[in-house]
Number of protein chains: 2
Amino acid sequence: MKDRIIINEVGPRDGLQSQDGALTLDQRFAFVEAVLDAGIRHCEMGSFVSPKAVPQMAGTGDLARRLGHREGVELSALVPNMKGYELARDAGVNTMAVVVSATETMNQKNINLSMEQTLEVARAVIERGHGDGNRVQAYLAVAFECPFEGSVDPGYVRSLAAQLLEAGASELVIADTIGAANPAQVKSLMSALGDEHDSAQLACHFHDTRALGLANIFAAMESGIRRFDASVGGLGGCPFAPGAKGNVATEDVVMMAEQMGFTTGVDMPALLGVVNLMSEMLGRPQGGRAHYWLTRNAA
Amino acid sequence: MKDRIIINEVGPRDGLQSQDGALTLDQRFAFVEAVLDAGIRHCEMGSFVSPKAVPQMAGTGDLARRLGHREGVELSALVPNMKGYELARDAGVNTMAVVVSATETMNQKNINLSMEQTLEVARAVIERGHGDGNRVQAYLAVAFECPFEGSVDPGYVRSLAAQLLEAGASELVIADTIGAANPAQVKSLMSALGDEHDSAQLACHFHDTRALGLANIFAAMESGIRRFDASVGGLGGCPFAPGAKGNVATEDVVMMAEQMGFTTGVDMPALLGVVNLMSEMLGRPQGGRAHYWLTRNAA
């Protein structure tokens, strides 16, 4: 039997939150539906952040209620704090994602909390999640390079990872938030983490800023990682800068994984249909690095 | 001291031969000069094939004479047969590249010879090169997938590699001519070849058709390979299809290698200047996968 690669589609959250202008709830619902129809079984469908700060994510509670529960499907939502957790829980979400940035400055800039305070919030949400019977994924953002502090010490990232897993996080996601990691770093860090923890609890989140997304995913696969965040069409780059990529494109990851002999459960023609859907909704062509080849050969 | 990655710039040959319309000899000379000025020390500057079949490469003898010899620089040329070898030698070239396709059908379609005849030609050129004190690089084309025969048996590729190295090839270049290889295949084949031969005699040539060029180069690096063909600006794709990439872009490879801690000796701003030069000469924007990021951040 083929080894499975799990794709966690984050386009409806990480992809849409950086777009200029918000989609309607109907559009966001149709996006998630199309993602699930393409065979994806893990999807971060929104976030419970302040609609003033991130208007693109307003109404995520209504979206969650409308999506409801699906057999064999994990629909998650990002929550910045306990209030967000409670809103998500009340909307029926049972997989929450909390974010800890790997540097002091990034936590200050992102959520105006110190590292210690951010960890405290994460631990509290994880504990509450446990009590409620929910899953809580812990993200370590800027885990390779921070836009404010530069290179991040892998030893420090490993100590944060250990703290979050020991606190009871269902899963730890190492995030290269600005797309600055190289595959040698990825292999080194993910191999170390794989030695220290259960690989099945580890995942990676790459951005394709420097076109290293697929190389970094291969490096993580080499380290035993089998779960990856990705965004249909590479959604999430700056909307007005051609070539400024966002998250690594789901279709690129599926293509590489399937060609390597993994199974993803994803139907490529349907997935390319989702890329087209997003191009229509956003009024701009979407598509990852391999878009030209995929649209001519993979259907 | 940092480990060195050797870049063999093939834009002036593999890149230009697929362009619609030929550059002048002055332009080709300026291209090679600019490549060398950017710090690249290995460059395939043309081929000695029939100017009727490949008009873009007409006059390579004159180009070679004009370029002359440069201290510490390897200027190579592709030769299809003994006649090509002699033309190259008479023009002062002292590093020749011969090509053997890894499938019977590809040899037939490419040069109208059987596999056995193609190997015979390659062996004869290698032997003559030895006699003349020249270096002969052997290319194994379609080494992963053939457009006519599909997947190529890695065991067969290894036996061809052994034959060519035993015949005295200075170097063996494994070429993914159509850009169909995935990093798992690359790591598997290149690791096996690295066990069987001296890694310093091995190199890889990737096309970026499916956006896997950098992942494949990382996989080869993991197998101990330190020499890669690449083409400035990803030159070599179909000129009229946006996103249809040719060879993996030199600037992408240099970026990744340097970020991984290797040294390449290449000056990135100067290299990006060569990309601009080629955009001007060809009248179409050139640039690899990381072009957007590189032109804003790497200079």
# chains A, B, ... in the order shown; residues from 1 in each chain; ligands from 1
call {"tool": "interface_residues", "arguments": {"of": "chain B", "to": "chain A", "cutoff": "6 Å", "atoms": "only C-alpha atoms", "output": "NGL selection string"}}
result
:B and (184 or 210-211 or 214-215 or 243 or 260 or 289-290 or 292-293)
call {"tool": "write_last_selection", "arguments": {"atoms": "C-alpha atoms", "output": "compact mmCIF listing (two decimals), in the first residue's frame"}}
result
# COMPACT_ATOMS: atom_id res chain seq x y z
CA ALA B 184 12.76 10.56 -4.94
CA ARG B 210 7.00 20.60 -13.70
CA ALA B 211 8.57 23.13 -11.33
CA LEU B 214 15.11 22.92 -7.42
CA ALA B 215 13.68 19.94 -5.52
CA GLY B 243 5.30 29.33 -17.63
CA MET B 260 22.22 26.35 1.88
CA ARG B 289 10.87 30.63 -10.66
CA ALA B 290 12.32 32.94 -8.02
CA TYR B 292 10.18 38.12 -8.56
CA TRP B 293 11.83 37.59 -5.20
call {"tool": "select_by_dssp", "arguments": {"residues": "region 65-292 of chain A", "states": "alpha helix (DSSP H)", "output": "number ranges by chain"}}
result
A: 65-67, 82-90, 104-111, 115-132, 154-166, 183-196, 213-222, 250-259, 268-282, 291-292
call {"tool": "residues_around", "arguments": {"residues": "Leu172 (chain B)", "least_positions_apart": "2", "cutoff": "12 Å", "atoms": "only C-alpha atoms", "output": "PyMOL selection string"}}
result
chain B and resi 97-100+122+126+135-141+143+157-158+160-170+174-175+190+193-194+197-205+225+227-229
call {"tool": "write_last_selection", "arguments": {"atoms": "N, CA and C atoms", "output": "CSV table (one decimal), in the first residue's frame"}}
result
chain,number,residue,atom,x,y,z
B,97,ALA,N,31.1,17.7,-25.4
B,97,ALA,CA,30.0,16.9,-24.8
B,97,ALA,C,29.3,16.0,-25.8
B,98,VAL,N,29.3,14.7,-25.5
B,98,VAL,CA,28.6,13.8,-26.4
B,98,VAL,C,27.3,13.3,-25.7
B,99,VAL,N,26.3,13.0,-26.5
B,99,VAL,CA,25.0,12.6,-25.9
B,99,VAL,C,24.6,11.2,-26.3
B,100,VAL,N,24.3,10.4,-25.3
B,100,VAL,CA,23.6,9.1,-25.5
B,100,VAL,C,22.3,9.2,-24.9
B,122,ALA,N,29.9,7.5,-29.3
B,122,ALA,CA,30.4,8.2,-28.0
B,122,ALA,C,31.7,7.6,-27.6
B,126,ILE,N,35.2,9.8,-27.3
B,126,ILE,CA,35.9,9.8,-26.0
B,126,ILE,C,37.3,9.4,-26.2
B,135,ARG,N,39.0,17.0,-22.9
B,135,ARG,CA,38.0,16.4,-22.0
B,135,ARG,C,36.8,16.1,-22.8
B,136,VAL,N,36.2,14.9,-22.6
B,136,VAL,CA,34.9,14.6,-23.2
B,136,VAL,C,33.9,14.3,-22.1
B,137,GLN,N,32.8,15.1,-22.0
B,137,GLN,CA,31.7,14.8,-21.1
B,137,GLN,C,30.7,14.0,-21.8
B,138,ALA,N,30.2,12.9,-21.1
B,138,ALA,CA,29.1,12.1,-21.7
B,138,ALA,C,27.8,12.4,-21.0
B,139,TYR,N,26.8,12.8,-21.8
B,139,TYR,CA,25.5,13.0,-21.3
B,139,TYR,C,24.6,11.8,-21.5
B,140,LEU,N,23.9,11.4,-20.5
B,140,LEU,CA,22.8,10.4,-20.6
B,140,LEU,C,21.5,11.1,-20.6
B,141,ALA,N,20.9,11.3,-21.8
B,141,ALA,CA,19.7,12.0,-22.0
B,141,ALA,C,18.5,11.1,-21.7
B,143,ALA,N,17.2,10.3,-19.0
B,143,ALA,CA,17.7,9.3,-18.0
B,143,ALA,C,16.6,8.8,-17.0
B,157,VAL,N,20.1,2.6,-16.8
B,157,VAL,CA,20.9,3.8,-16.8
B,157,VAL,C,22.2,3.6,-16.2
B,158,ARG,N,22.2,2.9,-15.0
B,158,ARG,CA,23.5,2.7,-14.3
B,158,ARG,C,24.5,1.9,-15.2
B,160,LEU,N,24.6,1.9,-18.5
B,160,LEU,CA,25.1,2.8,-19.5
B,160,LEU,C,26.1,3.8,-18.9
B,161,ALA,N,25.8,4.3,-17.7
B,161,ALA,CA,26.8,5.2,-17.1
B,161,ALA,C,28.1,4.5,-16.9
B,162,ALA,N,28.1,3.2,-16.4
B,162,ALA,CA,29.3,2.5,-16.2
B,162,ALA,C,30.1,2.3,-17.5
B,163,GLN,N,29.4,2.0,-18.6
B,163,GLN,CA,30.1,1.8,-19.9
B,163,GLN,C,30.8,3.1,-20.3
B,164,LEU,N,30.1,4.3,-20.2
B,164,LEU,CA,30.6,5.5,-20.6
B,164,LEU,C,31.8,6.0,-19.8
B,165,LEU,N,31.7,5.8,-18.5
B,165,LEU,CA,32.8,6.1,-17.6
B,165,LEU,C,34.0,5.2,-17.8
B,166,GLU,N,33.7,3.9,-18.0
B,166,GLU,CA,34.8,3.0,-18.3
B,166,GLU,C,35.5,3.3,-19.7
B,167,ALA,N,34.7,3.8,-20.6
B,167,ALA,CA,35.3,4.2,-21.9
B,167,ALA,C,36.2,5.4,-21.7
B,168,GLY,N,36.1,6.1,-20.6
B,168,GLY,CA,37.0,7.2,-20.3
B,168,GLY,C,36.4,8.6,-20.3
B,169,ALA,N,35.1,8.7,-20.3
B,169,ALA,CA,34.4,10.0,-20.2
B,169,ALA,C,35.0,10.7,-19.0
B,170,SER,N,35.3,12.0,-19.2
B,170,SER,CA,35.8,12.8,-18.1
B,170,SER,C,34.7,13.0,-17.0
B,174,ILE,N,23.9,13.2,-15.9
B,174,ILE,CA,22.5,12.6,-16.0
B,174,ILE,C,21.5,13.6,-16.3
B,175,ALA,N,20.8,13.5,-17.4
B,175,ALA,CA,20.0,14.5,-17.9
B,175,ALA,C,18.5,14.1,-17.9
B,190,MET,N,21.0,8.9,-8.2
B,190,MET,CA,22.3,9.6,-8.0
B,190,MET,C,23.0,9.0,-6.9
B,193,LEU,N,24.6,5.8,-8.3
B,193,LEU,CA,25.8,6.2,-9.1
B,193,LEU,C,26.9,6.7,-8.3
B,194,GLY,N,26.6,7.4,-7.2
B,194,GLY,CA,27.7,7.9,-6.4
B,194,GLY,C,28.4,6.8,-5.6
B,197,HIS,N,30.6,5.2,-8.6
B,197,HIS,CA,31.7,6.0,-9.2
B,197,HIS,C,32.1,7.1,-8.4
B,198,ASP,N,33.1,7.8,-8.9
B,198,ASP,CA,33.6,9.0,-8.2
B,198,ASP,C,32.6,10.2,-8.4
B,199,SER,N,32.0,10.6,-7.3
B,199,SER,CA,30.9,11.7,-7.4
B,199,SER,C,31.4,12.9,-8.1
B,200,ALA,N,32.7,13.2,-8.0
B,200,ALA,CA,33.3,14.4,-8.7
B,200,ALA,C,33.2,14.3,-10.2
B,201,GLN,N,32.9,13.0,-10.7
B,201,GLN,CA,32.8,12.9,-12.2
B,201,GLN,C,31.3,12.9,-12.6
B,202,LEU,N,30.4,13.1,-11.6
B,202,LEU,CA,29.0,13.0,-11.9
B,202,LEU,C,28.4,14.4,-11.9
B,203,ALA,N,27.4,14.7,-12.7
B,203,ALA,CA,26.7,15.9,-12.7
B,203,ALA,C,25.2,15.7,-13.1
B,204,CYS,N,24.4,16.7,-12.9
B,204,CYS,CA,23.0,16.5,-13.3
B,204,CYS,C,22.5,17.7,-14.1
B,205,HIS,N,21.6,17.4,-15.0
B,205,HIS,CA,21.0,18.4,-15.9
B,205,HIS,C,19.5,18.3,-15.8
B,225,ILE,N,26.1,15.1,-5.2
B,225,ILE,CA,26.4,15.7,-6.5
B,225,ILE,C,26.7,17.2,-6.3
B,227,ARG,N,27.8,19.3,-9.1
B,227,ARG,CA,27.9,20.0,-10.4
B,227,ARG,C,26.6,19.9,-11.1
B,228,PHE,N,26.1,21.1,-11.6
B,228,PHE,CA,24.8,21.1,-12.2
B,228,PHE,C,24.8,22.0,-13.4
B,229,ASP,N,24.1,21.5,-14.5
B,229,ASP,CA,23.8,22.4,-15.6
B,229,ASP,C,22.7,23.3,-15.2
call {"tool": "residues_around", "arguments": {"residues": "Pro12 (chain B)", "least_positions_apart": "4", "cutoff": "10 Å", "atoms": "only C-alpha atoms", "output": "list in words"}}
result
Leu16, Gln17, Leu23, Arg28, Phe29, Phe31, Val32, Val35, Cys43, Glu44, Met45, Gly46, Ser47, Gln56, Met57, Ala77, Ser231, Val232, Leu235 and Gly236 of chain B
call {"tool": "write_last_selection", "arguments": {"atoms": "C-alpha atoms", "output": "compact mmCIF listing (two decimals), in the first residue's frame"}}
result
# COMPACT_ATOMS: atom_id res chain seq x y z
CA LEU B 16 19.20 29.26 -27.39
CA GLN B 17 18.71 26.18 -29.57
CA LEU B 23 20.78 35.39 -32.23
CA ARG B 28 25.96 34.98 -28.55
CA PHE B 29 29.47 36.26 -27.82
CA PHE B 31 25.92 36.38 -23.77
CA VAL B 32 28.88 34.13 -22.98
CA VAL B 35 27.98 34.79 -18.09
CA CYS B 43 29.81 27.24 -19.88
CA GLU B 44 28.54 25.19 -22.81
CA MET B 45 28.81 27.86 -25.44
CA GLY B 46 27.32 26.09 -28.45
CA SER B 47 27.08 22.94 -30.49
CA GLN B 56 20.47 28.82 -33.92
CA MET B 57 23.84 27.09 -33.48
CA ALA B 77 30.59 22.47 -26.94
CA SER B 231 20.41 28.16 -17.87
CA VAL B 232 20.27 31.88 -17.08
CA LEU B 235 16.03 30.00 -20.94
CA GLY B 236 14.95 27.12 -23.10
call {"tool": "residues_around", "arguments": {"residues": "Val142 (chain B)", "least_positions_apart": "2", "cutoff": "6 Å", "atoms": "only C-alpha atoms", "output": "PyMOL selection string"}}
result
chain B and resi 101-102+144-146+176-177
call {"tool": "write_last_selection", "arguments": {"atoms": "C-alpha atoms", "output": "mmCIF file, in the first residue's frame"}}
result
data_model
loop_
_atom_site.group_PDB
_atom_site.id
_atom_site.type_symbol
_atom_site.label_atom_id
_atom_site.label_comp_id
_atom_site.auth_asym_id
_atom_site.auth_seq_id
_atom_site.Cartn_x
_atom_site.Cartn_y
_atom_site.Cartn_z
ATOM 1 C CA SER B 101 19.906 8.835 -24.958
ATOM 2 C CA ALA B 102 18.943 6.208 -22.432
ATOM 3 C CA PHE B 144 14.424 9.204 -16.009
ATOM 4 C CA GLU B 145 11.621 9.320 -18.529
ATOM 5 C CA CYS B 146 11.553 9.113 -22.307
ATOM 6 C CA ASP B 176 16.232 14.787 -17.226
ATOM 7 C CA THR B 177 15.729 16.084 -20.741
#
call {"tool": "closest_residue", "arguments": {"among": "A:Gly246, A:Pro154, A:Gly224, A:Pro239", "to": "Gly21 (chain A)", "atoms": "only C-alpha atoms"}}
result
A:Pro239
